[in-house]
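Enquirer: Take a look at this one; I'll ask things after.
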Amino acid sequence: MTTIVRYVRVLARHADAQFEALECTAGSRQWLVRDEWCKDTPAPARPLADRPGWQLAMRVLREGYADGVMAPRYEQVSSDLAAYEEVLNELHEGGWFLGLAIPERGS
């Protein structure tokens, strides 16, 4: 069965609701959910390498405890499309995936 770790970039007061929504979405896809709460604050904007929550999610993946990361929207990972594409490539190269609660939309 597929296992995911949840990641959000949100204000602390909204974190509980975001993690709960991700858990419900993962459940509807029949994915198991890790207990880790990988979260970062939206400001100041920092590169992924400087975000403790994202680094925790990546550590869970590298240690083999999850198959992918789930986030509410791609913008929470990176609103810069070039950086977002790099993330997708890195995840793919590691054999992992990024699941989004709200799918990307084509332009």
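Please note that chains go A, B, ... in the order of the structure tokens, that every chain numbers its residues from 1, and that ligands are numbered from 1 in the order shown.
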Quick one: residues within 10 Å of region 59-64 of chain A, only C-alpha atoms, excluding same-chain residues fewer than 5 positions away - as a list in words?
Expert: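 Everything that qualifies: Thr3, Ile4, Val5, Arg34, Glu36, Cys38, Gly53, Trp54, Val69, Leu91, Gly94, Gly95, Trp96 and Phe97 of chain A.
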Enquirer: If you keep all heavy atoms, can you produce a file of those selected residues as an mmCIF file, in the first residue's frame?
Expert:
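Contents of the output file result.cif:
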```cif
data_model
loop_
_atom_site.group_PDB
_atom_site.id
_atom_site.type_symbol
_atom_site.label_atom_id
_atom_site.label_comp_id
_atom_site.auth_asym_id
_atom_site.auth_seq_id
_atom_site.Cartn_x
_atom_site.Cartn_y
_atom_site.Cartn_z
ATOM 1 N N THR A 3 2.231 4.817 0.956
ATOM 2 C CA THR A 3 2.324 5.611 2.180
ATOM 3 C C THR A 3 2.820 7.004 1.834
ATOM 4 O O THR A 3 3.759 7.153 1.045
ATOM 5 C CB THR A 3 3.301 4.950 3.175
ATOM 6 O OG1 THR A 3 2.836 3.632 3.444
ATOM 7 C CG2 THR A 3 3.399 5.732 4.458
ATOM 8 N N ILE A 4 2.200 8.011 2.441
ATOM 9 C CA ILE A 4 2.620 9.394 2.173
ATOM 10 C C ILE A 4 2.957 10.109 3.476
ATOM 11 O O ILE A 4 2.531 9.718 4.555
ATOM 12 C CB ILE A 4 1.532 10.186 1.407
ATOM 13 C CG1 ILE A 4 0.181 10.237 2.168
ATOM 14 C CG2 ILE A 4 1.304 9.618 0.031
ATOM 15 C CD1 ILE A 4 -0.065 11.539 2.827
ATOM 16 N N VAL A 5 3.734 11.174 3.306
ATOM 17 C CA VAL A 5 4.001 12.117 4.381
ATOM 18 C C VAL A 5 3.359 13.437 3.939
ATOM 19 O O VAL A 5 3.397 13.782 2.756
ATOM 20 C CB VAL A 5 5.519 12.255 4.662
ATOM 21 C CG1 VAL A 5 6.273 12.786 3.466
ATOM 22 C CG2 VAL A 5 5.775 13.107 5.881
ATOM 23 N N ARG A 34 1.630 8.948 7.188
ATOM 24 C CA ARG A 34 2.617 8.992 8.268
ATOM 25 C C ARG A 34 2.184 10.013 9.320
ATOM 26 O O ARG A 34 1.441 10.937 9.033
ATOM 27 C CB ARG A 34 3.991 9.409 7.711
ATOM 28 C CG ARG A 34 4.613 8.449 6.728
ATOM 29 C CD ARG A 34 5.297 7.296 7.352
ATOM 30 N NE ARG A 34 6.209 7.751 8.396
ATOM 31 C CZ ARG A 34 6.792 6.942 9.247
ATOM 32 N NH1 ARG A 34 6.586 5.648 9.194
ATOM 33 N NH2 ARG A 34 7.602 7.402 10.172
ATOM 34 N N GLU A 36 4.151 12.167 10.870
ATOM 35 C CA GLU A 36 4.925 13.417 10.854
ATOM 36 C C GLU A 36 4.087 14.568 10.290
ATOM 37 O O GLU A 36 3.386 14.403 9.305
ATOM 38 C CB GLU A 36 6.185 13.281 9.988
ATOM 39 C CG GLU A 36 7.240 12.395 10.557
ATOM 40 C CD GLU A 36 7.042 10.917 10.240
ATOM 41 O OE1 GLU A 36 6.066 10.552 9.554
ATOM 42 O OE2 GLU A 36 7.867 10.125 10.684
ATOM 43 N N CYS A 38 4.898 17.740 8.602
ATOM 44 C CA CYS A 38 5.963 18.497 7.941
ATOM 45 C C CYS A 38 5.384 19.844 7.538
ATOM 46 O O CYS A 38 4.608 19.939 6.581
ATOM 47 C CB CYS A 38 6.475 17.728 6.726
ATOM 48 S SG CYS A 38 7.065 16.071 7.129
ATOM 49 N N GLY A 53 10.461 21.888 7.496
ATOM 50 C CA GLY A 53 9.363 20.962 7.227
ATOM 51 C C GLY A 53 9.581 20.161 5.956
ATOM 52 O O GLY A 53 9.348 18.952 5.916
ATOM 53 N N TRP A 54 10.031 20.841 4.898
ATOM 54 C CA TRP A 54 10.300 20.145 3.643
ATOM 55 C C TRP A 54 11.471 19.173 3.823
ATOM 56 O O TRP A 54 11.443 18.054 3.315
ATOM 57 C CB TRP A 54 10.579 21.130 2.509
ATOM 58 C CG TRP A 54 10.804 20.403 1.207
ATOM 59 C CD1 TRP A 54 11.998 20.158 0.596
ATOM 60 C CD2 TRP A 54 9.808 19.785 0.397
ATOM 61 N NE1 TRP A 54 11.808 19.431 -0.548
ATOM 62 C CE2 TRP A 54 10.469 19.193 -0.701
ATOM 63 C CE3 TRP A 54 8.423 19.675 0.477
ATOM 64 C CZ2 TRP A 54 9.780 18.500 -1.707
ATOM 65 C CZ3 TRP A 54 7.746 18.991 -0.527
ATOM 66 C CH2 TRP A 54 8.424 18.416 -1.596
ATOM 67 N N VAL A 69 5.081 12.516 -1.106
ATOM 68 C CA VAL A 69 4.710 13.673 -0.297
ATOM 69 C C VAL A 69 3.362 14.158 -0.801
ATOM 70 O O VAL A 69 3.127 14.202 -2.005
ATOM 71 C CB VAL A 69 5.740 14.821 -0.445
ATOM 72 C CG1 VAL A 69 5.309 16.049 0.348
ATOM 73 C CG2 VAL A 69 7.119 14.376 -0.043
ATOM 74 N N LEU A 91 12.037 14.218 -6.986
ATOM 75 C CA LEU A 91 11.183 13.170 -6.437
ATOM 76 C C LEU A 91 11.138 11.963 -7.374
ATOM 77 O O LEU A 91 11.270 10.821 -6.938
ATOM 78 C CB LEU A 91 9.775 13.711 -6.180
ATOM 79 C CG LEU A 91 9.648 14.725 -5.042
ATOM 80 C CD1 LEU A 91 8.262 15.357 -5.036
ATOM 81 C CD2 LEU A 91 9.961 14.095 -3.703
ATOM 82 N N GLY A 94 14.214 9.841 -7.228
ATOM 83 C CA GLY A 94 14.277 9.048 -6.004
ATOM 84 C C GLY A 94 13.242 7.933 -5.968
ATOM 85 O O GLY A 94 13.216 7.141 -5.026
ATOM 86 N N GLY A 95 12.365 7.886 -6.979
ATOM 87 C CA GLY A 95 11.317 6.879 -7.008
ATOM 88 C C GLY A 95 10.097 7.268 -6.186
ATOM 89 O O GLY A 95 9.292 6.412 -5.826
ATOM 90 N N TRP A 96 9.950 8.568 -5.896
ATOM 91 C CA TRP A 96 8.854 9.074 -5.086
ATOM 92 C C TRP A 96 7.920 9.903 -5.947
ATOM 93 O O TRP A 96 8.195 10.137 -7.121
ATOM 94 C CB TRP A 96 9.386 9.931 -3.936
ATOM 95 C CG TRP A 96 10.487 9.284 -3.168
ATOM 96 C CD1 TRP A 96 10.436 8.080 -2.519
ATOM 97 C CD2 TRP A 96 11.821 9.783 -2.965
ATOM 98 N NE1 TRP A 96 11.638 7.813 -1.927
ATOM 99 C CE2 TRP A 96 12.505 8.838 -2.183
ATOM 100 C CE3 TRP A 96 12.484 10.931 -3.362
ATOM 101 C CZ2 TRP A 96 13.824 9.012 -1.789
ATOM 102 C CZ3 TRP A 96 13.797 11.108 -2.974
ATOM 103 C CH2 TRP A 96 14.455 10.155 -2.194
ATOM 104 N N PHE A 97 6.855 10.393 -5.339
ATOM 105 C CA PHE A 97 5.899 11.219 -6.076
ATOM 106 C C PHE A 97 5.404 12.359 -5.194
ATOM 107 O O PHE A 97 5.594 12.346 -3.983
ATOM 108 C CB PHE A 97 4.707 10.375 -6.556
ATOM 109 C CG PHE A 97 3.821 9.892 -5.449
ATOM 110 C CD1 PHE A 97 2.714 10.632 -5.053
ATOM 111 C CD2 PHE A 97 4.091 8.698 -4.787
ATOM 112 C CE1 PHE A 97 1.901 10.184 -4.011
ATOM 113 C CE2 PHE A 97 3.282 8.242 -3.756
ATOM 114 C CZ PHE A 97 2.179 8.991 -3.370
#
```
Enquirer: Quick check for you: according to DSSP on this backbone, which residues of region 23-107 of chain A are classed as alpha helix (DSSP H)? Reply as a count of residues only.
Expert: 34
Enquirer: Which residue gives the smallest distance to Leu32 (chain A) among A:Asn89, A:Gln18, A:Thr2, A:Ser79, with only C-alpha atoms counted?
Expert: A:Thr2
Enquirer: What's the 9 Å shell around Ile102 (chain A), counting only C-alpha atoms, without same-chain residues fewer than 4 positions away, as a short mmCIF file (atom, residue, chain, number, x, y, z; two decimals) with C-alpha atoms, in the first residue's frame?
Expert:
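The new file around04.cif reads:
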```cif
data_model
loop_
_atom_site.label_atom_id
_atom_site.label_comp_id
_atom_site.auth_asym_id
_atom_site.auth_seq_id
_atom_site.Cartn_x
_atom_site.Cartn_y
_atom_site.Cartn_z
CA ALA A 71 0.56 18.86 -0.28
CA PRO A 72 -2.64 20.89 -0.65
CA ARG A 73 -1.50 22.72 -3.82
CA TYR A 74 1.67 22.93 -5.85
#
```
Enquirer: When distances are computed from only C-alpha atoms, which of A:Ala101, A:Leu88, A:Ala17, A:Val33 shows the smallest separation from Met1 (chain A)?
Expert: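 Between A:Ala101, A:Leu88, A:Ala17, A:Val33, the residue approaching Met1 (chain A) most closely is A:Val33.
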Enquirer: Tell me which of A:Met70, A:Leu81, A:Pro52, A:Tyr65 sits closest to Arg29 (chain A), counting only C-alpha atoms.
Expert: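 When distances to Arg29 (chain A) are compared using only C-alpha atoms, the smallest one comes from A:Met70.
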Enquirer: For Ala26 (chain A), which residue among A:Leu48, A:Ala12, A:Val87, A:Arg6 is the nearest when counting only C-alpha atoms?
Expert: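 Under the stated criterion, the closest residue is A:Arg6.
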Enquirer: Could you state the separation of CA of Thr25 (chain A) and CA of Pro44 (chain A) in Å, given to one decimal place?
Expert: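 Spanning CA of Thr25 (chain A) to CA of Pro44 (chain A) is a straight-line distance of 27.9 Å.
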Enquirer: From a DSSP calculation on the backbone, collect every residue of chain A in strand (DSSP E or B) and output the set as a list in words.
Expert: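 Answer for chain A, restricted to strand (DSSP E or B): Thr3, Ile4, Val5, Arg6, Tyr7, Val8, Arg9, Leu32, Val33, Arg34, Asp35, Glu36, Trp37, Cys38, Lys39, Asp40, Gly68, Val69, Met70, Ala71, Phe97, Leu98, Gly99 and Leu100 of chain A.
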